[in-house]
file my_file.pdb (PDB, C-alpha atoms)
ATOM      1  CA  MET A 294      -4.209  -4.634  28.714
ATOM      2  CA  ASN A 295      -3.842  -7.832  26.657
ATOM      3  CA  THR A 296      -1.623  -7.354  23.604
ATOM      4  CA  LEU A 297      -3.344 -10.338  21.979
ATOM      5  CA  HIS A 298      -6.353  -8.036  21.679
ATOM      6  CA  PHE A 299      -4.157  -5.748  19.553
ATOM      7  CA  LYS A 300      -3.813  -8.556  17.031
ATOM      8  CA  TYR A 301      -7.593  -9.014  17.030
ATOM      9  CA  ALA A 302      -8.168  -5.320  16.319
ATOM     10  CA  VAL A 303      -5.612  -5.232  13.499
ATOM     11  CA  GLU A 304      -7.271  -8.266  11.874
ATOM     12  CA  ILE A 305     -10.683  -6.568  12.015
ATOM     13  CA  GLU A 306      -9.200  -3.446  10.403
ATOM     14  CA  LYS A 307      -7.716  -5.566   7.625
ATOM     15  CA  THR A 308     -10.873  -7.551   6.848
ATOM     16  CA  ARG A 309     -13.417  -4.807   7.709
ATOM     17  CA  SER A 310     -15.569  -7.619   9.092
ATOM     18  CA  ILE A 311     -15.791  -9.097  12.598
ATOM     19  CA  THR A 312     -17.177 -12.310  11.110
ATOM     20  CA  GLN A 313     -14.291 -12.687   8.660
ATOM     21  CA  ALA A 314     -11.720 -11.654  11.267
ATOM     22  CA  ALA A 315     -13.045 -14.267  13.692
ATOM     23  CA  GLU A 316     -12.794 -16.902  10.965
ATOM     24  CA  ASN A 317      -9.206 -15.882  10.151
ATOM     25  CA  LEU A 318      -8.312 -15.974  13.853
ATOM     26  CA  TYR A 319     -10.007 -19.379  14.359
ATOM     27  CA  MET A 320     -12.272 -18.099  17.126
ATOM     28  CA  ALA A 321     -15.996 -17.601  17.683
ATOM     29  CA  GLN A 322     -17.433 -14.263  16.647
ATOM     30  CA  PRO A 323     -19.021 -13.540  20.074
ATOM     31  CA  ASN A 324     -15.650 -14.085  21.742
ATOM     32  CA  LEU A 325     -13.955 -11.697  19.328
ATOM     33  CA  SER A 326     -16.657  -9.041  19.855
ATOM     34  CA  LYS A 327     -16.282  -9.428  23.621
ATOM     35  CA  ALA A 328     -12.480  -9.069  23.405
ATOM     36  CA  ILE A 329     -12.770  -5.849  21.365
ATOM     37  CA  LYS A 330     -15.339  -4.468  23.798
ATOM     38  CA  GLU A 331     -12.979  -5.181  26.701
ATOM     39  CA  LEU A 332     -10.165  -3.450  24.819
ATOM     40  CA  GLU A 333     -12.327  -0.390  24.116
ATOM     41  CA  ASN A 334     -13.378  -0.206  27.773
ATOM     42  CA  SER A 335      -9.793  -0.393  28.970
ATOM     43  CA  LEU A 336      -8.768   2.377  26.569
ATOM     44  CA  GLY A 337     -11.882   4.483  27.063
ATOM     45  CA  ILE A 338     -12.428   4.883  23.303
ATOM     46  CA  THR A 339     -14.499   3.387  20.500
ATOM     47  CA  ILE A 340     -12.142   1.685  18.035
ATOM     48  CA  PHE A 341     -14.573   0.624  15.307
ATOM     49  CA  ARG A 342     -17.860   1.767  13.850
ATOM     50  CA  ARG A 343     -20.239  -0.112  11.565
ATOM     51  CA  THR A 344     -20.958   1.377   8.128
ATOM     52  CA  SER A 345     -22.493   0.250   4.873
ATOM     53  CA  LYS A 346     -18.936  -0.487   3.723
ATOM     54  CA  GLY A 347     -18.158  -2.710   6.703
ATOM     55  CA  VAL A 348     -16.527  -2.225  10.085
ATOM     56  CA  ILE A 349     -14.055   0.674   9.914
ATOM     57  CA  PRO A 350     -11.933   2.458  12.530
ATOM     58  CA  THR A 351     -12.957   5.707  14.160
ATOM     59  CA  ASP A 352     -10.461   8.571  14.225
ATOM     60  CA  GLN A 353      -9.327   7.515  17.701
ATOM     61  CA  GLY A 354      -9.312   3.925  16.500
ATOM     62  CA  MET A 355      -6.947   4.788  13.661
ATOM     63  CA  LYS A 356      -4.489   6.328  16.134
ATOM     64  CA  PHE A 357      -4.736   3.281  18.380
ATOM     65  CA  LEU A 358      -4.266   0.839  15.487
ATOM     66  CA  ALA A 359      -1.165   2.674  14.285
ATOM     67  CA  CYS A 360       0.340   2.288  17.775
ATOM     68  CA  ALA A 361      -0.869  -1.316  18.064
ATOM     69  CA  LYS A 362       0.880  -2.282  14.845
ATOM     70  CA  GLN A 363       4.111  -0.795  16.144
ATOM     71  CA  VAL A 364       3.760  -2.757  19.397
ATOM     72  CA  LEU A 365       3.102  -6.008  17.518
ATOM     73  CA  MET A 366       6.075  -5.368  15.258
ATOM     74  CA  GLN A 367       8.331  -4.790  18.273
ATOM     75  CA  ILE A 368       7.065  -8.013  19.861
ATOM     76  CA  ASP A 369       7.936  -9.859  16.641
ATOM     77  CA  ASN A 370      11.400  -8.292  16.716
ATOM     78  CA  MET A 371      11.925  -9.369  20.328
ATOM     79  CA  GLU A 372      10.817 -12.910  19.538
ATOM     80  CA  ALA A 373      13.219 -12.964  16.592
ATOM     81  CA  ILE A 374      16.121 -12.290  18.971
ATOM     82  CA  GLY A 375      15.517 -15.672  20.551
ATOM     83  CA  SER A 376      14.868 -17.363  17.197
ATOM     84  CA  PRO A 377      17.327 -15.826  14.743
ATOM     85  CA  ASP A 378      16.791 -18.607  12.192
ATOM     86  CA  LYS A 379      13.014 -18.195  12.131
ATOM     87  CA  PRO A 380      11.874 -16.941   8.693
ATOM     88  CA  ARG A 381      10.681 -13.365   8.777
ATOM     89  CA  GLU A 382       7.245 -12.472   7.511
ATOM     90  CA  ARG A 383       6.490  -9.501   5.318
ATOM     91  CA  LYS A 384       2.885  -8.545   4.794
ATOM     92  CA  MET A 385       2.373  -5.302   3.001
ATOM     93  CA  ARG A 386      -0.513  -3.429   1.381
ATOM     94  CA  ILE A 387       0.475  -0.534  -0.865
ATOM     95  CA  SER A 388      -1.721   1.776  -2.940
ATOM     96  CA  VAL A 389      -0.048   3.846  -5.668
ATOM     97  CA  PRO A 390      -0.561   5.744  -8.944
ATOM     98  CA  ARG A 391       0.203   4.026 -12.235
ATOM     99  CA  ALA A 392       3.876   4.867 -12.747
ATOM    100  CA  GLY A 393       6.826   3.018 -14.242
ATOM    101  CA  TYR A 394       9.325   3.999 -11.577
ATOM    102  CA  ILE A 395       7.015   2.728  -8.810
ATOM    103  CA  SER A 396       6.438  -0.688 -10.374
ATOM    104  CA  LYS A 397      10.191  -0.956 -11.021
ATOM    105  CA  ALA A 398      10.943  -0.176  -7.367
ATOM    106  CA  LEU A 399       8.534  -2.875  -6.161
ATOM    107  CA  SER A 400      10.033  -5.463  -8.534
ATOM    108  CA  GLU A 401      13.554  -4.683  -7.340
ATOM    109  CA  PHE A 402      12.454  -4.746  -3.692
ATOM    110  CA  ILE A 403      10.960  -8.236  -4.081
ATOM    111  CA  ALA A 404      13.914  -9.485  -6.140
ATOM    112  CA  ALA A 405      16.303  -8.382  -3.368
ATOM    113  CA  SER A 406      14.283  -9.994  -0.557
ATOM    114  CA  ASP A 407      15.453 -13.091   1.285
ATOM    115  CA  ALA A 408      13.972 -16.255  -0.220
ATOM    116  CA  SER A 409      13.469 -17.633   3.317
ATOM    117  CA  ASP A 410      11.100 -14.782   4.217
ATOM    118  CA  ASP A 411       7.354 -15.211   4.080
ATOM    119  CA  MET A 412       5.917 -12.501   1.866
ATOM    120  CA  GLU A 413       2.415 -11.332   1.048
ATOM    121  CA  VAL A 414       2.211  -8.063  -0.879
ATOM    122  CA  TYR A 415      -0.935  -6.329  -2.112
ATOM    123  CA  PHE A 416       0.018  -3.796  -4.790
ATOM    124  CA  CYS A 417      -2.926  -1.640  -5.861
ATOM    125  CA  GLU A 418      -2.551   0.834  -8.757
ATOM    126  CA  THR A 419      -5.367   3.367  -8.523
ATOM    127  CA  ASN A 420      -6.233   7.048  -8.267
ATOM    128  CA  SER A 421      -5.279   9.384  -5.421
ATOM    129  CA  LEU A 422      -8.692   9.523  -3.735
ATOM    130  CA  ARG A 423      -8.939   5.742  -3.626
ATOM    131  CA  THR A 424      -5.399   5.556  -2.245
ATOM    132  CA  ILE A 425      -6.361   7.933   0.563
ATOM    133  CA  GLU A 426      -9.392   5.733   1.289
ATOM    134  CA  ASN A 427      -7.198   2.614   1.268
ATOM    135  CA  VAL A 428      -4.761   4.101   3.789
ATOM    136  CA  ARG A 429      -7.490   5.625   5.936
ATOM    137  CA  ASP A 430     -10.081   2.834   5.956
ATOM    138  CA  ASN A 431      -8.827  -0.328   4.246
ATOM    139  CA  GLY A 432      -5.732  -1.287   6.233
ATOM    140  CA  TYR A 433      -3.070  -0.320   3.689
ATOM    141  CA  ASN A 434       0.405   0.239   5.175
ATOM    142  CA  PHE A 435       1.080   3.322   3.092
ATOM    143  CA  GLY A 436       0.293   4.888  -0.253
ATOM    144  CA  ILE A 437       1.490   7.329  -2.868
ATOM    145  CA  ILE A 438      -0.798  10.025  -4.237
ATOM    146  CA  ARG A 439      -0.216  12.138  -7.339
ATOM    147  CA  PHE A 440      -1.594  15.597  -8.053
ATOM    148  CA  ASN A 441      -0.940  18.750 -10.020
ATOM    149  CA  THR A 442       0.481  21.424  -7.715
ATOM    150  CA  ALA A 443      -2.387  23.736  -8.715
ATOM    151  CA  PHE A 444      -4.564  21.513  -6.480
ATOM    152  CA  GLU A 445      -2.126  21.073  -3.591
ATOM    153  CA  LYS A 446      -4.243  22.968  -1.051
ATOM    154  CA  TYR A 447      -7.264  20.750  -1.670
ATOM    155  CA  PHE A 448      -5.250  17.570  -1.189
ATOM    156  CA  MET A 449      -3.431  18.829   1.916
ATOM    157  CA  ASP A 450      -6.726  19.893   3.515
ATOM    158  CA  PHE A 451      -8.252  16.518   2.649
ATOM    159  CA  LEU A 452      -5.327  14.605   4.157
ATOM    160  CA  ALA A 453      -5.547  16.648   7.354
ATOM    161  CA  GLU A 454      -9.280  15.939   7.539
ATOM    162  CA  LYS A 455      -8.540  12.199   7.245
ATOM    163  CA  ASN A 456      -5.727  12.326   9.856
ATOM    164  CA  ILE A 457      -3.105  11.272   7.303
ATOM    165  CA  GLU A 458       0.497  12.475   7.176
ATOM    166  CA  SER A 459       2.509  12.982   4.000
ATOM    167  CA  GLN A 460       6.024  13.569   2.758
ATOM    168  CA  LEU A 461       7.276  14.588  -0.658
ATOM    169  CA  LEU A 462       8.526  11.747  -2.825
ATOM    170  CA  TRP A 463       9.007  13.597  -6.111
ATOM    171  CA  GLU A 464       8.189  16.898  -7.786
ATOM    172  CA  TYR A 465       8.508  16.733 -11.555
ATOM    173  CA  GLN A 466       7.306  17.998 -14.904
ATOM    174  CA  ALA A 467       5.220  15.498 -16.848
ATOM    175  CA  LEU A 468       6.673  14.189 -20.100
ATOM    176  CA  ALA A 469       4.950  13.054 -23.276
ATOM    177  CA  VAL A 470       5.503   9.292 -23.527
ATOM    178  CA  MET A 471       5.032   7.698 -26.940
ATOM    179  CA  SER A 472       6.117   4.892 -29.225
ATOM    180  CA  ALA A 473       9.531   5.220 -30.841
ATOM    181  CA  GLU A 474       7.584   5.055 -34.122
ATOM    182  CA  HIS A 475       5.475   8.124 -33.272
ATOM    183  CA  PRO A 476       5.497  10.825 -35.997
ATOM    184  CA  ALA A 477       6.601  13.392 -33.394
ATOM    185  CA  ALA A 478       9.251  11.183 -31.771
ATOM    186  CA  ASN A 479      11.992  13.557 -32.938
ATOM    187  CA  ASP A 480      10.076  16.823 -32.516
ATOM    188  CA  GLU A 481       9.776  19.255 -29.606
ATOM    189  CA  LEU A 482       6.071  20.015 -29.233
ATOM    190  CA  THR A 483       3.970  21.618 -26.516
ATOM    191  CA  TYR A 484       1.057  19.794 -24.933
ATOM    192  CA  GLY A 485      -1.329  21.995 -26.893
ATOM    193  CA  GLU A 486       0.327  21.042 -30.195
ATOM    194  CA  LEU A 487       0.377  17.338 -29.356
ATOM    195  CA  SER A 488      -3.245  17.255 -28.216
ATOM    196  CA  ALA A 489      -4.355  19.117 -31.354
ATOM    197  CA  ARG A 490      -2.701  16.582 -33.666
ATOM    198  CA  TYR A 491      -2.651  13.228 -31.894
ATOM    199  CA  ALA A 492      -4.771  10.961 -29.694
ATOM    200  CA  GLU A 493      -4.023  11.205 -25.981
ATOM    201  CA  VAL A 494      -4.158   8.268 -23.580
ATOM    202  CA  ALA A 495      -5.378   9.547 -20.191
ATOM    203  CA  GLN A 496      -6.250   8.091 -16.808
ATOM    204  CA  GLY A 497     -10.004   8.191 -16.571
ATOM    205  CA  ASP A 498     -10.304   8.463 -12.810
ATOM    206  CA  ASP A 499      -8.384  11.609 -11.882
ATOM    207  CA  ALA A 500     -10.218  13.564  -9.215
ATOM    208  CA  VAL A 501      -9.557  16.437  -6.816
ATOM    209  CA  PRO A 502     -11.177  16.641  -3.358
ATOM    210  CA  TYR A 503     -14.007  19.175  -3.163
ATOM    211  CA  VAL A 504     -13.598  20.255  -6.853
ATOM    212  CA  PRO A 505     -15.384  17.998  -9.378
ATOM    213  CA  GLY A 506     -14.009  18.190 -12.919
ATOM    214  CA  ALA A 507     -10.912  20.167 -11.900
ATOM    215  CA  VAL A 508      -8.399  18.022 -13.810
ATOM    216  CA  GLU A 509     -10.256  18.188 -17.105
ATOM    217  CA  LYS A 510     -10.640  21.966 -16.758
ATOM    218  CA  LEU A 511      -6.875  22.295 -16.200
ATOM    219  CA  PHE A 512      -6.016  20.441 -19.391
ATOM    220  CA  SER A 513      -8.794  22.110 -21.377
ATOM    221  CA  ARG A 514      -7.334  25.551 -20.793
ATOM    222  CA  ASN A 515      -3.976  24.298 -22.072
ATOM    223  CA  ARG A 516      -5.378  23.181 -25.434
ATOM    224  CA  PRO A 517      -5.859  25.568 -28.364
ATOM    225  CA  GLU A 518      -9.384  26.898 -28.699
ATOM    226  CA  ASP A 519     -11.745  24.852 -30.869
ATOM    227  CA  THR A 520      -9.429  21.813 -30.681
ATOM    228  CA  LYS A 521     -11.256  18.560 -31.217
ATOM    229  CA  VAL A 522     -10.541  16.374 -28.194
ATOM    230  CA  ARG A 523      -9.185  12.924 -29.013
ATOM    231  CA  ARG A 524      -8.676  11.217 -25.652
ATOM    232  CA  VAL A 525      -8.818   7.540 -24.719
ATOM    233  CA  TYR A 526      -9.386   7.007 -20.988
ATOM    234  CA  MET A 527      -7.732   3.903 -19.552
ATOM    235  CA  PHE A 528      -7.615   2.526 -16.029
ATOM    236  CA  ASP A 529      -4.846  -0.039 -16.506
ATOM    237  CA  ARG A 530      -1.229   0.898 -17.127
ATOM    238  CA  GLY A 531      -0.447  -2.295 -19.053
ATOM    239  CA  SER A 532      -3.310  -1.620 -21.478
ATOM    240  CA  ALA A 533      -2.127   1.979 -21.891
ATOM    241  CA  LEU A 534       1.375   0.809 -22.856
ATOM    242  CA  ASP A 535      -0.085  -1.694 -25.337
ATOM    243  CA  PHE A 536      -2.189   1.098 -26.828
ATOM    244  CA  LEU A 537       0.848   3.377 -27.294
ATOM    245  CA  LEU A 538       2.638   0.633 -29.212
ATOM    246  CA  THR A 539      -0.378  -0.425 -31.277
ATOM    247  CA  VAL A 540      -1.522   3.113 -32.113
ATOM    248  CA  PRO A 541       1.807   4.807 -32.947
ATOM    249  CA  ASP A 542       0.306   8.305 -33.283
ATOM    250  CA  SER A 543      -0.907   8.353 -29.653
ATOM    251  CA  PHE A 544       0.822   9.775 -26.581
ATOM    252  CA  MET A 545       0.445   9.811 -22.799
ATOM    253  CA  LEU A 546       1.467  12.350 -20.155
ATOM    254  CA  ASP A 547       3.391  10.602 -17.392
ATOM    255  CA  SER A 548       6.109  11.017 -14.800
ATOM    256  CA  PRO A 549       9.613  10.437 -16.221
ATOM    257  CA  VAL A 550      10.072   6.759 -17.045
ATOM    258  CA  PRO A 551      13.257   4.818 -16.161
ATOM    259  CA  GLU A 552      15.427   4.323 -19.228
ATOM    260  CA  CYS A 553      15.368   0.524 -18.916
ATOM    261  CA  LEU A 554      11.568   0.516 -19.217
ATOM    262  CA  CYS A 555      11.662   2.799 -22.253
ATOM    263  CA  GLY A 556      13.969   0.303 -23.929
ATOM    264  CA  LYS A 557      11.827  -2.665 -22.923
ATOM    265  CA  TYR A 558       8.612  -1.148 -24.324
ATOM    266  CA  ARG A 559      10.228   0.751 -27.238
ATOM    267  CA  LEU A 560       9.110   4.119 -25.887
ATOM    268  CA  VAL A 561      10.505   7.626 -26.070
ATOM    269  CA  GLN A 562       9.686  10.486 -23.723
ATOM    270  CA  LYS A 563       9.728  14.120 -24.706
ATOM    271  CA  LYS A 564       9.445  17.448 -22.931
ATOM    272  CA  CYS A 565       5.900  18.696 -23.190
ATOM    273  CA  ASP A 566       5.568  22.292 -22.044
ATOM    274  CA  PHE A 567       2.394  23.861 -20.686
ATOM    275  CA  PRO A 568       1.936  26.520 -17.964
ATOM    276  CA  ASP A 569       0.609  24.152 -15.274
ATOM    277  CA  ASN A 570       3.133  21.378 -15.816
ATOM    278  CA  CYS A 571       4.187  20.691 -12.228
ATOM    279  CA  PHE A 572       3.197  17.528 -10.367
ATOM    280  CA  ARG A 573       3.955  15.935  -7.034
ATOM    281  CA  ASP A 574       4.016  12.345  -5.818
ATOM    282  CA  MET A 575       3.490  12.224  -2.049
ATOM    283  CA  LEU A 576       4.061   9.318   0.332
ATOM    284  CA  ILE A 577       1.095   9.063   2.741
ATOM    285  CA  TYR A 578       0.430   7.053   5.916
ATOM    286  CA  SER A 579      -1.746   7.231   9.013
ATOM    287  CA  ALA A 580      -0.805   9.990  11.444
ATOM    288  CA  GLY A 581       1.636   8.852  14.119
ATOM    289  CA  ARG A 582       2.588   5.703  12.271
ATOM    290  CA  LYS A 583       6.238   4.769  11.745
ATOM    291  CA  LEU A 584       7.211   2.669   8.744
ATOM    292  CA  SER A 585       8.652  -0.758   9.491
ATOM    293  CA  GLY A 586      12.106  -1.826   8.346
ATOM    294  CA  SER A 587      10.788  -3.657   5.279
ATOM    295  CA  GLU A 588       8.547  -0.711   4.375
ATOM    296  CA  LEU A 589      11.494   1.665   4.629
ATOM    297  CA  ALA A 590      13.494  -0.684   2.397
ATOM    298  CA  LEU A 591      10.775  -0.375  -0.250
ATOM    299  CA  VAL A 592      10.694   3.403   0.134
ATOM    300  CA  ASN A 593      14.459   3.467  -0.433
ATOM    301  CA  LYS A 594      13.914   1.507  -3.652
ATOM    302  CA  LEU A 595      11.317   4.109  -4.655
ATOM    303  CA  TYR A 596      13.861   6.888  -4.226
ATOM    304  CA  GLU A 597      16.455   4.916  -6.210
ATOM    305  CA  ALA A 598      14.024   4.315  -9.087
ATOM    306  CA  ARG A 599      12.951   7.965  -8.927
ATOM    307  CA  ASN A 600      16.569   9.093  -9.227
ATOM    308  CA  GLU A 601      17.155   6.821 -12.206
ATOM    309  CA  ALA A 602      14.098   8.214 -13.971
ATOM    310  CA  ALA A 603      14.867  11.816 -12.992
ATOM    311  CA  PHE A 604      18.375  11.714 -14.451
ATOM    312  CA  THR A 605      17.439   9.952 -17.676
ATOM    313  CA  GLU A 606      18.590  12.093 -20.592
ATOM    314  CA  ILE A 607      15.633  13.528 -22.493
TER     315      ILE A 607
END
call {"tool": "encode", "arguments": {"input": "my_file.pdb", "output": "structure tokens"}}
result
Amino acid sequence: MNTLHFKYAVEIEKTRSITQAAENLYMAQPNLSKAIKELENSLGITIFRRTSKGVIPTDQGMKFLACAKQVLMQIDNMEAIGSPDKPRERKMRISVPRAGYISKALSEFIAASDASDDMEVYFCETNSLRTIENVRDNGYNFGIIRFNTAFEKYFMDFLAEKNIESQLLWEYQALAVMSAEHPAANDELTYGELSARYAEVAQGDDAVPYVPGAVEKLFSRNRPEDTKVRRVYMFDRGSALDFLLTVPDSFMLDSPVPECLCGKYRLVQKKCDFPDNCFRDMLIYSAGRKLSGSELALVNKLYEARNEAAFTEI
């Protein structure tokens, strides 16, 4: 078995295209296709299948690729023993929800990295279903999904179906985040009271596997009857923060925000009670995959940022 073929397979997974992978590897496409066929024959499995979305791994292929990445990483580590001064390379693809503590963790991780290291980081803020797709089909190293615990069973079943493992990163109650100039900045109001009086900024792409419209139904039953809904759906966290500052009578439900970010954006965060206020952020990755040293370093930063946000005085 030629470990160089492992590199070929990983490149195809990343690009989702044999043509593009061959170009990136500076080789002819027929030669790359032949190499992958030889690898599949030696393993006795089919690694990739063609779809309308490109070339993606099969279930067996995903397991193989997870192992192949570990082998390639160990080879890099062994080569580094003989070349201790060789710059290390960090390539990482991460898919996450829009959250202040997560972006803070990434910034601190990069700031603490060695300037001599090569680094290429793809940081995608998106919804949970797209994150699962990114980890399962698009070559992302790991992801973080967010869901209300009322829908935990649906997400756990969906992850199992996709052969993805998970571990708890944070369980928390959502807070109402608003401008320091908000009329209710000094009040203690429930979600129902806030939504009845003020405009709410919401992520417009929340979804639950197998249950269309579940998120909206959850929040609807926590609003007073006959309440006129004033919601602005946004898909970009930066735009949402700008909106909170420009429209001072708006608010947004979010995970607890690190105190330094509240000061930077002139925000306050308040307790916002409602019966279903329990959320989880889960770290997800392909089954059987072990995180590399640099990935674990980022995860440690995530826990540090989480702790800072969790212990911020409200």
call {"tool": "residues_near_point", "arguments": {"input": "my_file.pdb", "point": "(4.0, -0.1, -30.1)", "cutoff": "10 Å", "atoms": "all atoms listed in the file", "output": "PyMOL selection string"}}
result
chain A and resi 471-475+534-543+558-560
call {"tool": "residues_around", "arguments": {"input": "my_file.pdb", "residues": "segment 496-513 of chain A", "least_positions_apart": "2", "cutoff": "6 Å", "atoms": "only C-alpha atoms", "output": "ChimeraX atom specification"}}
result
/A:447,515-516,526-528
call {"tool": "closest_residue", "arguments": {"input": "my_file.pdb", "among": "A:Arg429, A:Val561, A:Gly556, A:Leu584", "to": "Asn479 of chain A", "atoms": "only C-alpha atoms"}}
result
A:Val561
call {"tool": "closest_residue", "arguments": {"input": "my_file.pdb", "among": "A:Ala533, A:Ala328, A:Met545, A:Ile457", "to": "Asp430 of chain A", "atoms": "only C-alpha atoms"}}
result
A:Ile457
call {"tool": "atom_distance", "arguments": {"input": "my_file.pdb", "atom1": "atom CA of Ser421 of chain A", "atom2": "atom CA of Glu454 of chain A"}}
result
15.1 Å
call {"tool": "build_atoms", "arguments": {"input": "my_file.pdb", "residues": "segment 579-592 of chain A", "atoms": "N, CA and C atoms", "output": "CSV table (one decimal), in the frame of the given file"}}
result
chain,number,residue,atom,x,y,z
A,579,SER,N,-0.9,6.8,7.9
A,579,SER,CA,-1.7,7.2,9.0
A,579,SER,C,-0.9,8.1,10.0
A,580,ALA,N,-1.5,9.1,10.5
A,580,ALA,CA,-0.8,10.0,11.4
A,580,ALA,C,-0.3,9.2,12.6
A,581,GLY,N,1.0,9.5,13.0
A,581,GLY,CA,1.6,8.9,14.1
A,581,GLY,C,2.3,7.5,13.8
A,582,ARG,N,2.1,7.0,12.6
A,582,ARG,CA,2.6,5.7,12.3
A,582,ARG,C,4.0,5.8,11.8
A,583,LYS,N,4.9,4.9,12.2
A,583,LYS,CA,6.2,4.8,11.7
A,583,LYS,C,6.4,3.6,10.8
A,584,LEU,N,7.1,3.8,9.7
A,584,LEU,CA,7.2,2.7,8.7
A,584,LEU,C,8.1,1.6,9.3
A,585,SER,N,7.8,0.4,9.0
A,585,SER,CA,8.7,-0.8,9.5
A,585,SER,C,9.9,-0.8,8.7
A,586,GLY,N,10.8,-1.7,9.1
A,586,GLY,CA,12.1,-1.8,8.3
A,586,GLY,C,11.9,-2.2,6.9
A,587,SER,N,11.0,-3.2,6.7
A,587,SER,CA,10.8,-3.7,5.3
A,587,SER,C,10.1,-2.6,4.5
A,588,GLU,N,9.2,-1.8,5.1
A,588,GLU,CA,8.5,-0.7,4.4
A,588,GLU,C,9.5,0.4,4.0
A,589,LEU,N,10.5,0.7,4.9
A,589,LEU,CA,11.5,1.7,4.6
A,589,LEU,C,12.4,1.2,3.5
A,590,ALA,N,12.7,-0.1,3.5
A,590,ALA,CA,13.5,-0.7,2.4
A,590,ALA,C,12.8,-0.5,1.0
A,591,LEU,N,11.5,-0.6,1.0
A,591,LEU,CA,10.8,-0.4,-0.2
A,591,LEU,C,10.8,1.1,-0.6
A,592,VAL,N,10.6,2.0,0.4
A,592,VAL,CA,10.7,3.4,0.1
A,592,VAL,C,12.1,3.8,-0.4
